[in-house]
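Notes follow the structure.
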Amino acid sequence: MNEEIVLSAAEMVREKLENEGSGHDWFHIERVWKNAIKIGRTEKVDMFVVQLAALLHDLADDKIVTSEEESISEINYWLEGEGVPAGVIEKVLMIIQTMSYKGGNGRSLGSLEAKVVQDADRLDAIGAIGIARAFTYGGSKGQPIFDPQYEVREEMTKEEYRNGKTSTVHHFYEKLLKLKDLMNTESAIQMAQERHQFMEQYLEEFFKEYMLEVDE
């Protein structure tokens with residue numbers, strides 16, 4: 001029964017995010033789902049809760065929906081319709097509402113399941129995939145690749161994080177390079193090392209090319 005519900009959730013999410021163009025598409029969800037399973041198997045967690053939260057987490061993300069509250073209600077309604085127990089629904093919705101970074105203003109996590117799903121999501125924000133997603137999202141929001149007039153914002157409100165002026169390269173310093181040290185589980189900590197290193201190498205090459213001088 002649980003497996004059928006998980007597969008039904010996957011199909012529903014795939015359809016909803018079919019035309020999503022900011023890097024929060026079905027393929028992102030699928031990678032997070034797979035990472036969550038991989039990490040979850042090393043922890044003593046409820047894999048039903050973990051898989052549902054991993055699959056549904058972006059359907060209420062304010063980066064891609066206009067109303068988090070309405071989206072949470074829709075997710076709750078869908079889960080009830082699938083016959084998911086109330087206790088499981090409560091855990092899934094709590095994960096979805098607390099796992100986002102939000103400029104460093106995210107709420108504390110209340111369960112190991114939440115930590116597993118958050119780690120899985122954050123792993124997809126770093127490394128080669130993370131770089132591609134960062135520029136996809138920045139382009140969808142009209143952000144420049146890099147603008148030297150901007151400064152790296154060390155502290156931000158959620159509103160400033162979402163709507164303040166920045167560039168995609170600045171976003172690496174404001175969030176992506178911090179994620180390695182914010183992983184919760186040992187599995188994710190290990191997986192994050194190589195991805196973090198790749199981003200550092202990328203930025204080194206980016207600025208080498210950006211600062212290219214013309215021979216006189």
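Convention: chains lettered A, B, ... in structure tokens order; per-chain residue numbering from 1; ligands numbered from 1 as shown.
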task = Write out as a count of residues only the residues lying within 10 Å of region 192-201 of chain A, counting only C-alpha atoms and excluding same-chain residues fewer than 2 positions away.
result = 29
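CA of Lys63 (chain A) sits 10.2 Å away from CA of Asn163 (chain A).
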task = Could you please determine the separation between CA of Val152 (chain A) and CA of Tyr202 (chain A) in Å, to one decimal place?
result = 17.8 Å
task = List every residue of region 1-211 of chain A that DSSP, applied to the backbone of this structure, assigns to alpha helix (DSSP H), and report them as a PyMOL selection string.
result = chain A and resi 2-16+26-40+47-56+68-81+86-98+112-123+127-140+158-163+168-174+186-210
ask   = Which residues, written as number ranges by chain, have at least one atom at most 10 Å from region 11-24 of chain A, with only C-alpha atoms counted and residues fewer than 3 positions away on the same chain left out?
value = A: 5-8, 27-30, 55-59, 61, 63-64, 78, 125, 129-130, 132-141
Select from region 82-128 of chain A every residue with an atom at most 7 Å from any atom of region 32-48 of chain A, then for each give the shortest pair of atoms and their distance in Å to one decimal, using only C-alpha atoms, rows by chain and rising number, as CSV.
residue,atom,partner,partner_atom,distance
A:Leu112,CA,A:Val45,CA,6.6
A:Glu113,CA,A:Val45,CA,5.8
A:Val116,CA,A:Ala36,CA,6.0
A:Val117,CA,A:Ala36,CA,5.5
A:Ala120,CA,A:Ala36,CA,5.1
A:Asp121,CA,A:Val32,CA,5.3
A:Asp124,CA,A:Val32,CA,6.7
Could you save the residues just selected, with C-alpha atoms, as a compact mmCIF listing (two decimals), in the first residue's frame?
# COMPACT_ATOMS: atom_id res chain seq x y z
CA LEU A 112 15.57 12.69 11.71
CA GLU A 113 13.34 12.21 8.67
CA VAL A 116 17.45 13.22 5.76
CA VAL A 117 15.17 15.02 3.28
CA ALA A 120 19.02 15.16 0.03
CA ASP A 121 17.67 18.48 -1.23
CA ASP A 124 21.22 18.67 -5.28
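Around region 89-92 of chain A, within 9 Å and counting only C-alpha atoms, the residues found are Val49, Val50, Leu52, Ala53, Ala54, Leu56, His57, Asn76, Leu79, Glu80, Val84, Pro85, Ile96, Gln97, Ser111, Glu113 and Ala114 of chain A, once anything fewer than 4 positions away on its own chain is removed.
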Write a file of the just-selected residues containing N, CA and C atoms, as an mmCIF file, in the first residue's frame.
data_model
loop_
_atom_site.group_PDB
_atom_site.id
_atom_site.type_symbol
_atom_site.label_atom_id
_atom_site.label_comp_id
_atom_site.auth_asym_id
_atom_site.auth_seq_id
_atom_site.Cartn_x
_atom_site.Cartn_y
_atom_site.Cartn_z
ATOM 1 N N VAL A 49 7.584 8.243 5.231
ATOM 2 C CA VAL A 49 7.572 9.684 5.481
ATOM 3 C C VAL A 49 8.654 10.373 4.653
ATOM 4 N N VAL A 50 9.847 9.804 4.652
ATOM 5 C CA VAL A 50 10.980 10.387 3.927
ATOM 6 C C VAL A 50 10.672 10.488 2.435
ATOM 7 N N LEU A 52 7.722 10.444 0.810
ATOM 8 C CA LEU A 52 6.636 11.386 0.510
ATOM 9 C C LEU A 52 7.119 12.833 0.630
ATOM 10 N N ALA A 53 7.864 13.135 1.674
ATOM 11 C CA ALA A 53 8.353 14.504 1.858
ATOM 12 C C ALA A 53 9.323 14.896 0.748
ATOM 13 N N ALA A 54 10.185 13.977 0.357
ATOM 14 C CA ALA A 54 11.136 14.259 -0.718
ATOM 15 C C ALA A 54 10.408 14.542 -2.028
ATOM 16 N N LEU A 56 7.234 15.588 -2.427
ATOM 17 C CA LEU A 56 6.265 16.688 -2.381
ATOM 18 C C LEU A 56 6.865 18.029 -1.965
ATOM 19 N N HIS A 57 8.138 18.054 -1.581
ATOM 20 C CA HIS A 57 8.661 19.238 -0.882
ATOM 21 C C HIS A 57 8.607 20.539 -1.678
ATOM 22 N N ASN A 76 -2.084 18.476 1.684
ATOM 23 C CA ASN A 76 -2.819 17.779 2.748
ATOM 24 C C ASN A 76 -4.052 17.070 2.176
ATOM 25 N N LEU A 79 -2.994 13.985 0.131
ATOM 26 C CA LEU A 79 -2.560 12.876 0.989
ATOM 27 C C LEU A 79 -3.758 12.201 1.667
ATOM 28 N N GLU A 80 -4.694 13.010 2.120
ATOM 29 C CA GLU A 80 -5.912 12.441 2.721
ATOM 30 C C GLU A 80 -6.660 11.590 1.703
ATOM 31 N N VAL A 84 -3.523 8.324 3.322
ATOM 32 C CA VAL A 84 -2.333 8.378 4.186
ATOM 33 C C VAL A 84 -2.775 8.686 5.616
ATOM 34 N N PRO A 85 -2.279 7.954 6.610
ATOM 35 C CA PRO A 85 -2.671 8.194 8.000
ATOM 36 C C PRO A 85 -2.371 9.623 8.447
ATOM 37 N N ILE A 96 8.112 19.551 5.040
ATOM 38 C CA ILE A 96 8.010 20.458 3.901
ATOM 39 C C ILE A 96 8.100 21.920 4.338
ATOM 40 N N GLN A 97 7.540 22.229 5.487
ATOM 41 C CA GLN A 97 7.481 23.617 5.947
ATOM 42 C C GLN A 97 8.729 24.072 6.705
ATOM 43 N N SER A 111 12.757 16.317 13.266
ATOM 44 C CA SER A 111 12.861 14.867 13.185
ATOM 45 C C SER A 111 14.054 14.462 12.346
ATOM 46 N N GLU A 113 13.861 12.268 10.037
ATOM 47 C CA GLU A 113 13.336 12.210 8.671
ATOM 48 C C GLU A 113 13.508 13.550 7.972
ATOM 49 N N ALA A 114 13.239 14.632 8.687
ATOM 50 C CA ALA A 114 13.404 15.969 8.122
ATOM 51 C C ALA A 114 14.856 16.234 7.758
#
Neighbour list for Arg162 (chain A) as a PyMOL selection string, cut-off 10 Å, only C-alpha atoms, skip fewer than 3 positions in-chain = chain A and resi 62-63+102-103+156-159+165-166
Those residues with N, CA, C and O atoms, as an mmCIF file, in the first residue's frame please?
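selection_28.cif, written as the output of this step:
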data_model
loop_
_atom_site.group_PDB
_atom_site.id
_atom_site.type_symbol
_atom_site.label_atom_id
_atom_site.label_comp_id
_atom_site.auth_asym_id
_atom_site.auth_seq_id
_atom_site.Cartn_x
_atom_site.Cartn_y
_atom_site.Cartn_z
ATOM 1 N N ASP A 62 8.034 28.588 -1.763
ATOM 2 C CA ASP A 62 7.665 29.931 -2.230
ATOM 3 C C ASP A 62 8.501 30.417 -3.400
ATOM 4 O O ASP A 62 8.230 31.475 -3.958
ATOM 5 N N LYS A 63 9.520 29.661 -3.793
ATOM 6 C CA LYS A 63 10.263 30.015 -4.998
ATOM 7 C C LYS A 63 9.454 29.726 -6.256
ATOM 8 O O LYS A 63 9.691 30.330 -7.304
ATOM 9 N N LYS A 102 15.913 29.488 3.069
ATOM 10 C CA LYS A 102 15.326 30.817 3.287
ATOM 11 C C LYS A 102 16.348 31.852 3.769
ATOM 12 O O LYS A 102 16.122 32.611 4.698
ATOM 13 N N GLY A 103 17.500 31.858 3.122
ATOM 14 C CA GLY A 103 18.509 32.848 3.467
ATOM 15 C C GLY A 103 19.134 32.632 4.818
ATOM 16 O O GLY A 103 19.670 33.559 5.431
ATOM 17 N N MET A 156 20.639 38.113 5.894
ATOM 18 C CA MET A 156 19.495 38.565 5.119
ATOM 19 C C MET A 156 18.212 38.128 5.798
ATOM 20 O O MET A 156 18.168 37.086 6.451
ATOM 21 N N THR A 157 17.177 38.935 5.620
ATOM 22 C CA THR A 157 15.843 38.469 5.977
ATOM 23 C C THR A 157 15.387 37.533 4.857
ATOM 24 O O THR A 157 16.000 37.480 3.779
ATOM 25 N N LYS A 158 14.315 36.824 5.096
ATOM 26 C CA LYS A 158 13.764 35.955 4.052
ATOM 27 C C LYS A 158 13.388 36.777 2.826
ATOM 28 O O LYS A 158 13.637 36.375 1.686
ATOM 29 N N GLU A 159 12.803 37.956 3.033
ATOM 30 C CA GLU A 159 12.401 38.826 1.932
ATOM 31 C C GLU A 159 13.619 39.283 1.128
ATOM 32 O O GLU A 159 13.593 39.288 -0.109
ATOM 33 N N LYS A 165 18.596 42.352 -4.730
ATOM 34 C CA LYS A 165 19.417 42.318 -5.933
ATOM 35 C C LYS A 165 20.719 41.572 -5.670
ATOM 36 O O LYS A 165 21.428 41.854 -4.701
ATOM 37 N N THR A 166 21.016 40.626 -6.544
ATOM 38 C CA THR A 166 22.239 39.843 -6.418
ATOM 39 C C THR A 166 22.546 39.232 -7.774
ATOM 40 O O THR A 166 21.820 39.447 -8.750
#
